[in-house]
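S.K.: To be precise about what I am sending: the file is called entry23.txt and holds compact mmCIF, C-alpha atoms.
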# COMPACT_ATOMS: atom_id res chain seq x y z
CA MET G 7 30.72 -3.57 -28.69
CA SER G 8 31.73 -3.60 -25.05
CA ARG G 9 30.97 0.14 -24.83
CA ILE G 10 27.45 -0.46 -26.13
CA SER G 11 27.08 -3.33 -23.69
CA ARG G 12 28.13 -1.12 -20.78
CA ARG G 13 25.72 1.60 -21.93
CA ASN G 14 22.85 -0.88 -22.14
CA LYS G 15 23.73 -2.21 -18.70
CA LEU G 16 23.71 1.33 -17.29
CA LEU G 17 20.33 2.05 -18.89
CA LEU G 18 18.95 -1.18 -17.43
CA LEU G 19 20.26 -0.26 -13.97
CA LYS G 20 18.70 3.19 -14.22
CA PHE G 21 15.38 1.67 -15.25
CA LEU G 22 15.54 -0.76 -12.34
CA SER G 23 16.44 2.18 -10.10
CA LEU G 24 13.36 4.14 -11.19
CA PHE G 25 11.17 1.03 -10.89
CA SER G 26 12.53 0.50 -7.37
CA VAL G 27 12.03 4.13 -6.32
CA VAL G 28 8.40 4.27 -7.49
CA ARG G 29 7.71 0.72 -6.18
CA GLY G 30 6.40 -0.39 -9.57
CA TYR G 31 5.39 -3.80 -8.24
CA ASN G 32 3.16 -2.19 -5.58
CA ILE G 33 1.52 0.07 -8.14
CA LEU G 34 0.73 -2.89 -10.42
CA ILE G 35 -0.99 -4.65 -7.50
CA ILE G 36 -3.00 -1.51 -6.66
CA VAL G 37 -4.10 -1.12 -10.30
CA LEU G 38 -5.19 -4.77 -10.39
CA ALA G 39 -7.07 -4.33 -7.11
CA GLN G 40 -8.88 -1.24 -8.39
CA TYR G 41 -10.02 -2.97 -11.55
CA LEU G 42 -11.04 -6.21 -9.83
CA ALA G 43 -13.05 -4.22 -7.26
CA SER G 44 -14.68 -2.23 -10.06
CA ILE G 45 -15.59 -5.33 -12.09
CA PHE G 46 -16.68 -7.77 -9.39
CA ILE G 47 -17.82 -5.60 -6.46
CA LEU G 48 -18.83 -2.12 -7.52
CA SER G 49 -20.43 -2.74 -10.92
CA PRO G 50 -21.46 -6.42 -11.21
CA ASP G 51 -24.44 -5.53 -13.42
CA ILE G 52 -22.47 -3.47 -15.92
CA PRO G 53 -21.10 -5.39 -18.95
CA LEU G 54 -17.41 -6.26 -18.61
CA GLY G 55 -16.42 -4.33 -21.74
CA ASP G 56 -18.12 -1.17 -20.45
CA VAL G 57 -16.04 -1.34 -17.25
CA LEU G 58 -12.73 -2.21 -18.90
CA PHE G 59 -13.10 0.50 -21.54
CA ASP G 60 -14.58 3.14 -19.24
CA VAL G 61 -12.37 6.15 -19.96
CA ASN G 62 -13.22 7.86 -16.67
CA LEU G 63 -12.35 4.75 -14.63
CA PHE G 64 -9.09 4.42 -16.56
CA SER G 65 -8.31 8.07 -15.82
CA ILE G 66 -8.99 7.60 -12.10
CA VAL G 67 -6.77 4.50 -11.95
CA LEU G 68 -4.03 6.23 -13.97
CA ALA G 69 -4.17 9.38 -11.82
CA SER G 70 -3.97 7.19 -8.69
CA SER G 71 -0.92 5.38 -10.08
CA LEU G 72 0.84 8.63 -10.99
CA VAL G 73 0.21 10.15 -7.55
CA ILE G 74 1.32 6.98 -5.75
CA ALA G 75 4.49 6.80 -7.85
CA GLY G 76 5.18 10.44 -7.00
CA GLY G 77 4.45 9.68 -3.36
CA TYR G 78 7.06 6.95 -3.26
CA ILE G 79 9.56 9.35 -4.82
CA ILE G 80 9.03 12.14 -2.30
CA ASN G 81 8.96 9.67 0.58
CA SER G 82 12.25 8.17 -0.62
CA PHE G 83 13.72 11.68 -0.96
CA TYR G 84 12.94 12.62 2.65
CA ASP G 85 14.03 9.18 3.90
CA SER G 86 17.28 8.99 1.91
CA GLU G 87 19.57 9.32 4.95
CA LYS G 88 17.55 6.84 6.99
CA ASP G 89 17.44 4.35 4.12
CA LEU G 90 21.23 4.49 3.79
CA ILE G 91 21.33 3.00 7.29
CA ASN G 92 18.38 0.61 7.04
CA ARG G 93 18.62 -0.51 3.38
CA PRO G 94 22.09 0.32 2.07
CA HIS G 95 21.97 -2.03 -0.95
CA LYS G 96 18.53 -0.94 -2.13
CA THR G 97 19.40 2.73 -1.56
CA ARG G 98 22.49 2.43 -3.75
CA LEU G 99 20.29 1.07 -6.53
CA ASP G 100 17.75 3.86 -6.01
CA HIS G 101 20.52 6.48 -6.34
CA MET G 102 21.56 5.28 -9.81
CA VAL G 103 19.41 8.19 -11.00
CA SER G 104 20.33 11.61 -9.58
CA GLN G 105 18.11 13.18 -6.92
CA ASN G 106 17.51 16.25 -9.13
CA LYS G 107 16.13 14.07 -11.93
CA ILE G 108 14.06 12.10 -9.43
CA LEU G 109 12.52 15.30 -8.03
CA THR G 110 11.83 16.56 -11.55
CA LEU G 111 10.03 13.28 -12.23
CA TYR G 112 8.04 13.78 -9.00
CA PHE G 113 6.67 17.13 -10.21
CA ILE G 114 5.99 15.76 -13.70
CA LEU G 115 4.05 12.77 -12.32
CA ASN G 116 1.90 14.97 -10.06
CA PHE G 117 1.25 17.46 -12.88
CA LEU G 118 0.19 14.64 -15.20
CA ALA G 119 -2.05 13.21 -12.45
CA VAL G 120 -3.92 16.50 -12.17
CA VAL G 121 -4.21 16.80 -15.97
CA VAL G 122 -5.59 13.24 -16.20
CA ALA G 123 -8.01 13.91 -13.31
CA SER G 124 -9.27 17.04 -15.10
CA SER G 125 -10.62 14.79 -17.85
CA VAL G 126 -12.98 13.25 -15.28
CA SER G 127 -14.29 16.25 -13.35
CA PHE G 128 -13.31 19.29 -11.33
CA PHE G 129 -14.06 17.29 -8.18
CA ALA G 130 -11.51 14.68 -9.31
CA VAL G 131 -8.92 17.47 -9.67
CA LEU G 132 -9.62 18.61 -6.10
CA PHE G 133 -9.56 15.00 -4.84
CA PHE G 134 -6.19 14.15 -6.37
CA SER G 135 -4.69 17.56 -5.55
CA GLY G 136 -5.61 16.92 -1.92
CA TYR G 137 -4.13 13.42 -2.19
CA ILE G 138 -0.84 14.84 -3.54
CA PHE G 139 -0.68 17.37 -0.71
CA GLY G 140 -1.52 14.71 1.87
CA ILE G 141 1.31 12.43 0.71
CA TRP G 142 3.80 15.33 0.69
CA PHE G 143 2.71 16.53 4.14
CA TYR G 144 2.97 12.99 5.50
CA SER G 145 6.46 12.51 4.05
CA HIS G 146 7.68 15.93 5.18
CA LYS G 147 6.10 16.23 8.62
CA LEU G 148 3.51 13.73 9.82
CA LYS G 149 5.57 10.53 9.55
CA LYS G 150 7.89 11.83 12.26
CA ILE G 151 5.02 12.51 14.66
CA LEU G 152 4.07 9.83 17.17
CA PHE G 153 0.84 7.95 16.27
CA PHE G 154 -0.09 10.35 13.43
CA GLY G 155 2.53 8.90 11.12
CA ASN G 156 1.15 5.35 11.23
CA LEU G 157 -2.51 6.41 11.03
CA THR G 158 -1.88 8.79 8.14
CA SER G 159 0.11 6.19 6.21
CA ALA G 160 -2.72 3.65 6.54
CA SER G 161 -5.31 6.24 5.44
CA LEU G 162 -3.27 7.29 2.40
CA ALA G 163 -2.91 3.64 1.34
CA LEU G 164 -6.72 3.25 1.22
CA ILE G 165 -7.54 6.50 -0.60
CA PRO G 166 -7.10 5.12 -4.17
CA PHE G 167 -9.86 2.61 -3.45
CA PHE G 168 -12.19 5.25 -2.07
CA ALA G 169 -11.69 7.15 -5.34
CA ILE G 170 -13.41 4.38 -7.31
CA PHE G 171 -16.04 3.89 -4.57
CA ILE G 172 -16.95 7.56 -4.99
CA TYR G 173 -16.94 7.22 -8.78
CA TYR G 174 -19.45 4.36 -8.66
CA ARG G 175 -21.33 6.00 -5.75
CA ASN G 176 -21.22 2.67 -3.97
CA PHE G 177 -21.15 3.11 -0.19
CA ASP G 178 -22.39 -0.28 0.98
CA LYS G 179 -21.54 -1.16 4.58
CA VAL G 180 -19.51 -4.18 3.46
CA ILE G 181 -17.02 -1.84 1.76
CA PHE G 182 -16.31 0.05 4.98
CA VAL G 183 -16.07 -3.16 7.02
CA HIS G 184 -13.60 -4.56 4.50
CA ALA G 185 -11.69 -1.25 4.55
CA THR G 186 -11.49 -1.52 8.34
CA PHE G 187 -9.98 -5.00 8.04
CA LEU G 188 -7.42 -3.78 5.50
CA GLY G 189 -6.69 -0.65 7.53
CA LEU G 190 -5.85 -2.72 10.62
CA ILE G 191 -3.48 -4.91 8.58
CA ILE G 192 -1.81 -1.83 7.09
CA ILE G 193 -1.32 -0.21 10.52
CA MET G 194 0.25 -3.47 11.75
CA ARG G 195 2.58 -3.39 8.76
CA GLU G 196 3.56 0.19 9.55
CA LEU G 197 4.41 -0.76 13.14
CA ILE G 198 6.44 -3.75 11.92
CA LYS G 199 8.30 -1.42 9.53
CA ASP G 200 9.08 0.82 12.52
CA LEU G 201 10.55 -2.19 14.36
CA GLU G 202 12.42 -3.21 11.22
CA ASN G 203 13.91 0.27 10.68
CA ILE G 204 14.49 1.28 14.28
CA LYS G 205 18.24 1.75 13.80
CA GLY G 206 17.86 4.45 11.16
CA ASP G 207 14.91 6.07 12.95
CA VAL G 208 16.94 6.46 16.14
CA ALA G 209 19.91 7.90 14.24
CA LEU G 210 17.75 10.59 12.61
CA GLY G 211 15.63 11.47 15.63
CA TYR G 212 12.29 10.01 14.51
CA LYS G 213 9.57 9.67 17.15
CA ASN G 214 7.56 6.50 16.75
CA ILE G 215 6.11 3.90 19.10
CA PRO G 216 9.13 1.53 19.20
CA ILE G 217 11.51 4.42 19.96
CA VAL G 218 9.34 6.21 22.52
CA TYR G 219 7.73 3.23 24.26
CA GLY G 220 10.01 0.33 23.30
CA GLU G 221 9.64 -2.90 21.35
CA ARG G 222 7.56 -4.66 24.01
CA VAL G 223 4.83 -2.00 24.00
CA THR G 224 4.86 -2.01 20.19
CA LYS G 225 4.32 -5.77 20.18
CA PHE G 226 1.40 -5.35 22.60
CA ALA G 227 -0.07 -2.72 20.25
CA ILE G 228 0.26 -5.04 17.24
CA THR G 229 -1.28 -7.92 19.20
CA PHE G 230 -4.20 -5.66 20.16
CA LEU G 231 -4.70 -4.79 16.48
CA ILE G 232 -4.77 -8.52 15.66
CA ILE G 233 -7.51 -8.97 18.26
CA LEU G 234 -9.42 -6.06 16.71
CA THR G 235 -9.42 -7.81 13.31
CA ILE G 236 -11.74 -10.42 14.84
CA LEU G 237 -14.69 -8.01 14.62
CA PRO G 238 -14.51 -7.09 10.89
CA THR G 239 -13.61 -10.71 10.06
CA TYR G 240 -16.67 -11.98 11.97
CA LEU G 241 -18.95 -9.38 10.35
CA LEU G 242 -17.67 -10.10 6.85
CA VAL G 243 -18.20 -13.87 7.05
CA THR G 244 -21.53 -13.80 8.93
CA ASN G 245 -23.37 -10.57 8.04
CA PHE G 246 -22.37 -10.16 4.41
CA ASP G 247 -22.38 -12.39 1.36
CA VAL G 248 -18.67 -12.64 0.51
CA GLY G 249 -18.96 -16.06 -1.09
CA LEU G 250 -15.82 -18.20 -1.08
CA MET G 251 -13.82 -15.17 0.01
CA ARG G 252 -14.74 -16.15 3.55
CA TYR G 253 -11.95 -18.73 3.30
CA TYR G 254 -9.53 -15.87 2.65
CA PHE G 255 -10.60 -14.24 5.93
CA TYR G 256 -10.34 -17.55 7.81
CA GLY G 257 -6.89 -18.11 6.33
CA SER G 258 -5.80 -14.56 7.06
CA PHE G 259 -6.80 -14.86 10.69
CA PHE G 260 -4.93 -18.16 10.96
CA LEU G 261 -1.85 -16.47 9.48
CA LEU G 262 -2.24 -13.61 11.96
CA LEU G 263 -2.22 -16.11 14.84
CA ILE G 264 1.07 -17.55 13.53
CA PHE G 265 2.28 -14.00 12.98
CA SER G 266 1.51 -13.06 16.61
CA TYR G 267 3.49 -16.06 17.90
CA TRP G 268 6.51 -15.16 15.76
CA LEU G 269 6.13 -11.51 16.72
CA TRP G 270 6.87 -12.17 20.39
CA TRP G 271 9.75 -14.44 19.47
CA SER G 272 11.31 -11.89 17.08
CA ARG G 273 14.37 -9.88 18.08
CA ALA G 274 16.47 -9.18 14.96
CA LYS G 275 15.76 -7.14 11.84
CA MET G 276 15.53 -10.26 9.66
CA HIS G 277 12.68 -11.51 11.88
CA TYR G 278 10.74 -8.28 11.35
CA VAL G 279 11.38 -8.45 7.60
CA LEU G 280 9.75 -11.91 7.60
CA LEU G 281 6.77 -10.61 9.59
CA HIS G 282 6.47 -7.66 7.21
CA ASN G 283 6.33 -10.08 4.26
CA ILE G 284 3.58 -12.12 5.94
CA LEU G 285 1.39 -9.02 6.18
CA LYS G 286 2.22 -8.06 2.61
CA PHE G 287 1.25 -11.58 1.51
CA ILE G 288 -2.12 -11.23 3.27
CA LEU G 289 -2.76 -7.92 1.49
CA VAL G 290 -1.75 -9.21 -1.95
CA LEU G 291 -3.73 -12.43 -1.49
CA GLY G 292 -6.75 -10.29 -0.60
CA VAL G 293 -6.58 -8.66 -4.04
CA PHE G 294 -6.86 -11.97 -5.89
CA SER G 295 -9.45 -13.24 -3.41
CA ILE G 296 -11.90 -10.66 -4.76
CA LEU G 297 -12.53 -13.22 -7.51
CA LEU G 298 -13.94 -15.59 -4.88
CA ILE G 299 -16.80 -13.32 -3.82
CA ASP G 300 -19.03 -14.57 -6.63
CA THR G 301 -17.47 -17.36 -8.67
CA ASP G 302 -20.56 -17.61 -10.92
CA LEU G 303 -20.15 -13.94 -11.80
CA VAL G 304 -16.44 -14.49 -12.51
CA LEU G 305 -17.24 -17.35 -14.89
CA LYS G 306 -19.97 -15.26 -16.50
CA ARG G 307 -17.55 -12.35 -16.93
CA ILE G 308 -14.82 -14.54 -18.41
CA LEU G 309 -17.04 -16.74 -20.58
Mind turning the file's structure into C-alpha cells?
M.R.:
Amino acid sequence: MSRISRRNKLLLLKFLSLFSVVRGYNILIIVLAQYLASIFILSPDIPLGDVLFDVNLFSIVLASSLVIAGGYIINSFYDSEKDLINRPHKTRLDHMVSQNKILTLYFILNFLAVVVASSVSFFAVLFFSGYIFGIWFYSHKLKKILFFGNLTSASLALIPFFAIFIYYRNFDKVIFVHATFLGLIIIMRELIKDLENIKGDVALGYKNIPIVYGERVTKFAITFLIILTILPTYLLVTNFDVGLMRYYFYGSFFLLLIFSYWLWWSRAKMHYVLLHNILKFILVLGVFSILLIDTDLVLKRIL
C-alpha cells in the first residue's frame, strides 16, 4: 500500500512539475481572455453558441495554447542554469521530469499546434509556425540582447490576441490602443523581472538594462513607461466607449502610482517579486474587466 502511495505521490509531483514548466495557470488565463474578447468585443452580434462552438476559433485558441506551452518549455530549458540561482525551489520541482522528456514534449506540442492550425487555413499554419520560431529565437538569442529581449517578449505575449483579431478581421482603433496599454504593462513587468533575477543574469553573462545601466536607470525607465500609460488610458476612457471598464483603467493607473512609489523604495528581491505580482494582478484583472465593457450585452449573453 505504501509503495502505491509513493508511486501516486511521484506521479502527482511529475504532473505538478509539468504544470509548472508550461505555466498552466498563465495559459488558462490567456484562453479565458481570448474567448472573452471574442464573445464581448470582436463578435458582439454573433449568437453566443456560434462563438463558443466555432471550430476554427477553438482551433486557434488551442494552437495558441500549445505554442505558448512549448514556449515556456524551451524558455525554461535555456534558462535552467539561471533559474537554479534565482528560483532554486521552483527549479527543483520543474526538474522532476527529465530534460529529455521535456524537450520531446516541446516538439510534440509544436507539431500538434501546426496540425491544429492546418484545420483552419494555410495562413494559420504560417502564422503559428512563425510564432514558434519567434519564441525559440527569443529564448535562444534575443533575450540576451539589450533592449531587444524586453521588446520581443512583450510582442510575443500579445500575438495570441492578434491571432483572433485577424480571424474576425476586426482592426478597430480601440484594439490597438488597448494593446498599447497592455504592451506597456508587459514591458514594465519584463524590466521588473530583470531586477528580480539580476543575480542569475550577472552570473550567466546576460546583458539587460539593470546589468548594463544599473538599477536606478531601470527604475527611471519603468517610471517613464508608467507616464506613457497616461496616453492610452486617457484615449480609452474619453475617445472610446469602454463602458464600466473605464473604472478598471482608473484603478490600474492608481495602482501604477502606488507601484511607482514602491519601486523607488525597493532594494531586495522580495520587493521586486511584490511589484511583479502587482503588474500581474493588473493584467489578470484586465481579462475579467472585459465583461464591464457592455454589461447589457453580458446579461443578454448569459440570459
S.K.: So which one's closest to Asn62 of chain G, G:Phe83, G:Phe133, G:Tyr173, G:Trp271? Using all atoms listed in the file, please.
M.R.: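 With all atoms listed in the file as the atom set, the closest residue is G:Tyr173.
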S.K.: When you look at Leu298 of chain G with a cut-off of 10 Å (counting all atoms listed in the file), what residues show up, excluding the ones that are within fewer than 4 positions of it in the same chain? I need them as an MDAnalysis selection string.
M.R.: chainID G and resid 46 248:254 292 294 302:304
S.K.: Just give me the gap between atom CA of Thr158 of chain G and atom CA of Tyr144 of chain G in Å, one decimal is fine.
M.R.: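 Atom CA of Tyr144 of chain G lies 6.9 Å from atom CA of Thr158 of chain G.
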S.K.: Would you pick out the contacts of Leu157 of chain G at 12 Å or less, using all atoms listed in the file, so that residues sharing its chain but fewer than 6 positions from it are not included, and give the list as a list in words?
M.R.: Tyr144, Leu148, Lys149, Lys150, Ile151, Ala163, Leu164, Gly189, Leu190, Ile191, Ile192, Ile193, Met194, Arg195, Glu196, Leu197 and Asn214 of chain G
S.K.: Record the distance separating atom CA of Gln40 of chain G and atom CA of Ala69 of chain G, expressed in Å with one decimal.
M.R.: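 Separating atom CA of Gln40 of chain G from atom CA of Ala69 of chain G is a distance of 12.1 Å.
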S.K.: Point out the residue among G:Ala43, G:Ile170, G:Leu132, G:Ile165 with the least atom-to-atom distance to Val67 of chain G, counting only C-alpha atoms.
M.R.: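 For Val67 of chain G, the nearest of the given residues is G:Ile170.
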S.K.: Need the shell around segment 231-239 of chain G: protein/DNA/RNA residues with any atom at most 10 Å away, counting all atoms listed in the file. Skip same-chain ones fewer than 5 positions apart. Format as a PyMOL selection string?
M.R.: chain G and resi 180+182-191+193-194+225-226+244-245+252+254-256+258-259+262-263+265-266
S.K.: Check the smallest atom-to-atom distance from each of G:Phe154, G:Ala209, G:Tyr137, G:Ile215 to Phe168 of chain G using all atoms listed in the file, then report the winner.
M.R.: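 Residue with the minimum atom-to-atom distance to Phe168 of chain G: G:Tyr137.
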S.K.: Neighbouring residues of Ser272 of chain G were defined as those with any atom within 12 Å, considering only C-alpha atoms; residues of the same chain fewer than 6 positions away were excluded. Please report them as a PyMOL selection string.
M.R.: chain G and resi 198+201-202+221-222+225+265-266+278-282
S.K.: By how many Å are atom CA of Leu162 of chain G and atom CA of Thr224 of chain G apart?
M.R.: 21.7 Å
S.K.: Of the residues G:Ser86, G:Thr229, G:Asn156, G:Ser65, which is the one nearest to Ser124 of chain G, using all atoms listed in the file?
M.R.: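 Of G:Ser86, G:Thr229, G:Asn156, G:Ser65, the one nearest Ser124 of chain G is G:Ser65, counting all atoms listed in the file.
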S.K.: Could you check the closest approach to Ser125 of chain G for each of G:Leu48, G:Leu109, G:Val61, G:Ala227 and tell me which residue wins, using all atoms listed in the file?
M.R.: G:Val61
S.K.: Using only C-alpha atoms, which of G:Val28, G:Leu152, G:Leu115, G:Ile296 sits nearest Ile138 of chain G?
M.R.: G:Leu115
S.K.: With N, CA, C and O atoms retained, output segment 150-177 of chain G as an mmCIF file, in the first residue's frame.
M.R.:
data_model
loop_
_atom_site.group_PDB
_atom_site.id
_atom_site.type_symbol
_atom_site.label_atom_id
_atom_site.label_comp_id
_atom_site.auth_asym_id
_atom_site.auth_seq_id
_atom_site.Cartn_x
_atom_site.Cartn_y
_atom_site.Cartn_z
ATOM 1 N N LYS G 150 18.921 37.686 -24.570
ATOM 2 C CA LYS G 150 20.211 38.087 -24.004
ATOM 3 C C LYS G 150 20.717 39.402 -24.577
ATOM 4 O O LYS G 150 21.759 39.903 -24.169
ATOM 5 N N ILE G 151 19.959 39.943 -25.558
ATOM 6 C CA ILE G 151 20.390 41.170 -26.222
ATOM 7 C C ILE G 151 19.701 42.373 -25.586
ATOM 8 O O ILE G 151 18.476 42.375 -25.392
ATOM 9 N N LEU G 152 20.466 43.374 -25.279
ATOM 10 C CA LEU G 152 19.964 44.588 -24.633
ATOM 11 C C LEU G 152 18.817 45.203 -25.427
ATOM 12 O O LEU G 152 18.914 45.347 -26.649
ATOM 13 N N PHE G 153 17.754 45.571 -24.764
ATOM 14 C CA PHE G 153 16.534 46.180 -25.307
ATOM 15 C C PHE G 153 15.677 45.188 -26.100
ATOM 16 O O PHE G 153 14.474 45.091 -25.879
ATOM 17 N N PHE G 154 16.292 44.452 -27.054
ATOM 18 C CA PHE G 154 15.524 43.558 -27.908
ATOM 19 C C PHE G 154 14.802 42.480 -27.115
ATOM 20 O O PHE G 154 13.691 42.076 -27.465
ATOM 21 N N GLY G 155 15.447 41.997 -26.057
ATOM 22 C CA GLY G 155 14.843 40.946 -25.253
ATOM 23 C C GLY G 155 13.507 41.363 -24.671
ATOM 24 O O GLY G 155 12.504 40.653 -24.811
ATOM 25 N N ASN G 156 13.456 42.539 -24.042
ATOM 26 C CA ASN G 156 12.223 43.016 -23.417
ATOM 27 C C ASN G 156 11.136 43.316 -24.448
ATOM 28 O O ASN G 156 9.969 42.970 -24.257
ATOM 29 N N LEU G 157 11.517 43.969 -25.548
ATOM 30 C CA LEU G 157 10.538 44.322 -26.580
ATOM 31 C C LEU G 157 9.974 43.077 -27.255
ATOM 32 O O LEU G 157 8.768 42.989 -27.511
ATOM 33 N N THR G 158 10.845 42.101 -27.525
ATOM 34 C CA THR G 158 10.390 40.870 -28.174
ATOM 35 C C THR G 158 9.463 40.087 -27.262
ATOM 36 O O THR G 158 8.439 39.553 -27.701
ATOM 37 N N SER G 159 9.801 40.014 -25.976
ATOM 38 C CA SER G 159 8.970 39.290 -25.021
ATOM 39 C C SER G 159 7.562 39.889 -24.958
ATOM 40 O O SER G 159 6.559 39.166 -24.959
ATOM 41 N N ALA G 160 7.480 41.220 -24.913
ATOM 42 C CA ALA G 160 6.179 41.891 -24.865
ATOM 43 C C ALA G 160 5.383 41.621 -26.142
ATOM 44 O O ALA G 160 4.169 41.374 -26.093
ATOM 45 N N SER G 161 6.052 41.650 -27.279
ATOM 46 C CA SER G 161 5.378 41.402 -28.566
ATOM 47 C C SER G 161 4.840 39.977 -28.637
ATOM 48 O O SER G 161 3.702 39.745 -29.068
ATOM 49 N N LEU G 162 5.653 39.014 -28.206
ATOM 50 C CA LEU G 162 5.243 37.607 -28.243
ATOM 51 C C LEU G 162 4.053 37.350 -27.325
ATOM 52 O O LEU G 162 3.204 36.506 -27.619
ATOM 53 N N ALA G 163 3.975 38.082 -26.218
ATOM 54 C CA ALA G 163 2.861 37.912 -25.283
ATOM 55 C C ALA G 163 1.537 38.373 -25.889
ATOM 56 O O ALA G 163 0.469 37.872 -25.520
ATOM 57 N N LEU G 164 1.593 39.322 -26.838
ATOM 58 C CA LEU G 164 0.371 39.876 -27.430
ATOM 59 C C LEU G 164 -0.087 39.132 -28.682
ATOM 60 O O LEU G 164 -1.239 39.265 -29.101
ATOM 61 N N ILE G 165 0.800 38.342 -29.285
ATOM 62 C CA ILE G 165 0.495 37.691 -30.556
ATOM 63 C C ILE G 165 -0.741 36.793 -30.512
ATOM 64 O O ILE G 165 -1.543 36.796 -31.460
ATOM 65 N N PRO G 166 -0.970 35.996 -29.438
ATOM 66 C CA PRO G 166 -2.183 35.157 -29.423
ATOM 67 C C PRO G 166 -3.470 35.951 -29.584
ATOM 68 O O PRO G 166 -4.447 35.463 -30.167
ATOM 69 N N PHE G 167 -3.482 37.195 -29.102
ATOM 70 C CA PHE G 167 -4.680 38.020 -29.222
ATOM 71 C C PHE G 167 -4.823 38.563 -30.640
ATOM 72 O O PHE G 167 -5.933 38.691 -31.156
ATOM 73 N N PHE G 168 -3.697 38.866 -31.277
ATOM 74 C CA PHE G 168 -3.774 39.325 -32.660
ATOM 75 C C PHE G 168 -4.252 38.202 -33.583
ATOM 76 O O PHE G 168 -4.830 38.466 -34.629
ATOM 77 N N ALA G 169 -4.018 36.958 -33.186
ATOM 78 C CA ALA G 169 -4.492 35.823 -33.982
ATOM 79 C C ALA G 169 -6.011 35.848 -34.108
ATOM 80 O O ALA G 169 -6.560 35.651 -35.208
ATOM 81 N N ILE G 170 -6.703 36.114 -32.996
ATOM 82 C CA ILE G 170 -8.178 36.151 -33.078
ATOM 83 C C ILE G 170 -8.674 37.456 -33.686
ATOM 84 O O ILE G 170 -9.733 37.489 -34.308
ATOM 85 N N PHE G 171 -7.898 38.548 -33.546
ATOM 86 C CA PHE G 171 -8.273 39.797 -34.224
ATOM 87 C C PHE G 171 -8.265 39.581 -35.730
ATOM 88 O O PHE G 171 -9.167 40.035 -36.445
ATOM 89 N N ILE G 172 -7.219 38.888 -36.203
ATOM 90 C CA ILE G 172 -7.109 38.604 -37.639
ATOM 91 C C ILE G 172 -8.241 37.685 -38.084
ATOM 92 O O ILE G 172 -8.833 37.866 -39.157
ATOM 93 N N TYR G 173 -8.558 36.697 -37.249
ATOM 94 C CA TYR G 173 -9.620 35.740 -37.601
ATOM 95 C C TYR G 173 -10.953 36.466 -37.795
ATOM 96 O O TYR G 173 -11.695 36.189 -38.742
ATOM 97 N N TYR G 174 -11.263 37.399 -36.906
ATOM 98 C CA TYR G 174 -12.528 38.136 -37.007
ATOM 99 C C TYR G 174 -12.414 39.363 -37.914
ATOM 100 O O TYR G 174 -13.389 40.095 -38.090
ATOM 101 N N ARG G 175 -11.201 39.612 -38.427
ATOM 102 C CA ARG G 175 -10.944 40.776 -39.292
ATOM 103 C C ARG G 175 -11.425 42.068 -38.626
ATOM 104 O O ARG G 175 -12.017 42.944 -39.257
ATOM 105 N N ASN G 176 -11.166 42.141 -37.345
ATOM 106 C CA ASN G 176 -11.560 43.323 -36.571
ATOM 107 C C ASN G 176 -10.307 44.112 -36.225
ATOM 108 O O ASN G 176 -9.484 43.668 -35.431
ATOM 109 N N PHE G 177 -10.152 45.276 -36.851
ATOM 110 C CA PHE G 177 -8.958 46.092 -36.640
ATOM 111 C C PHE G 177 -9.329 47.501 -36.167
ATOM 112 O O PHE G 177 -8.733 48.487 -36.579
#
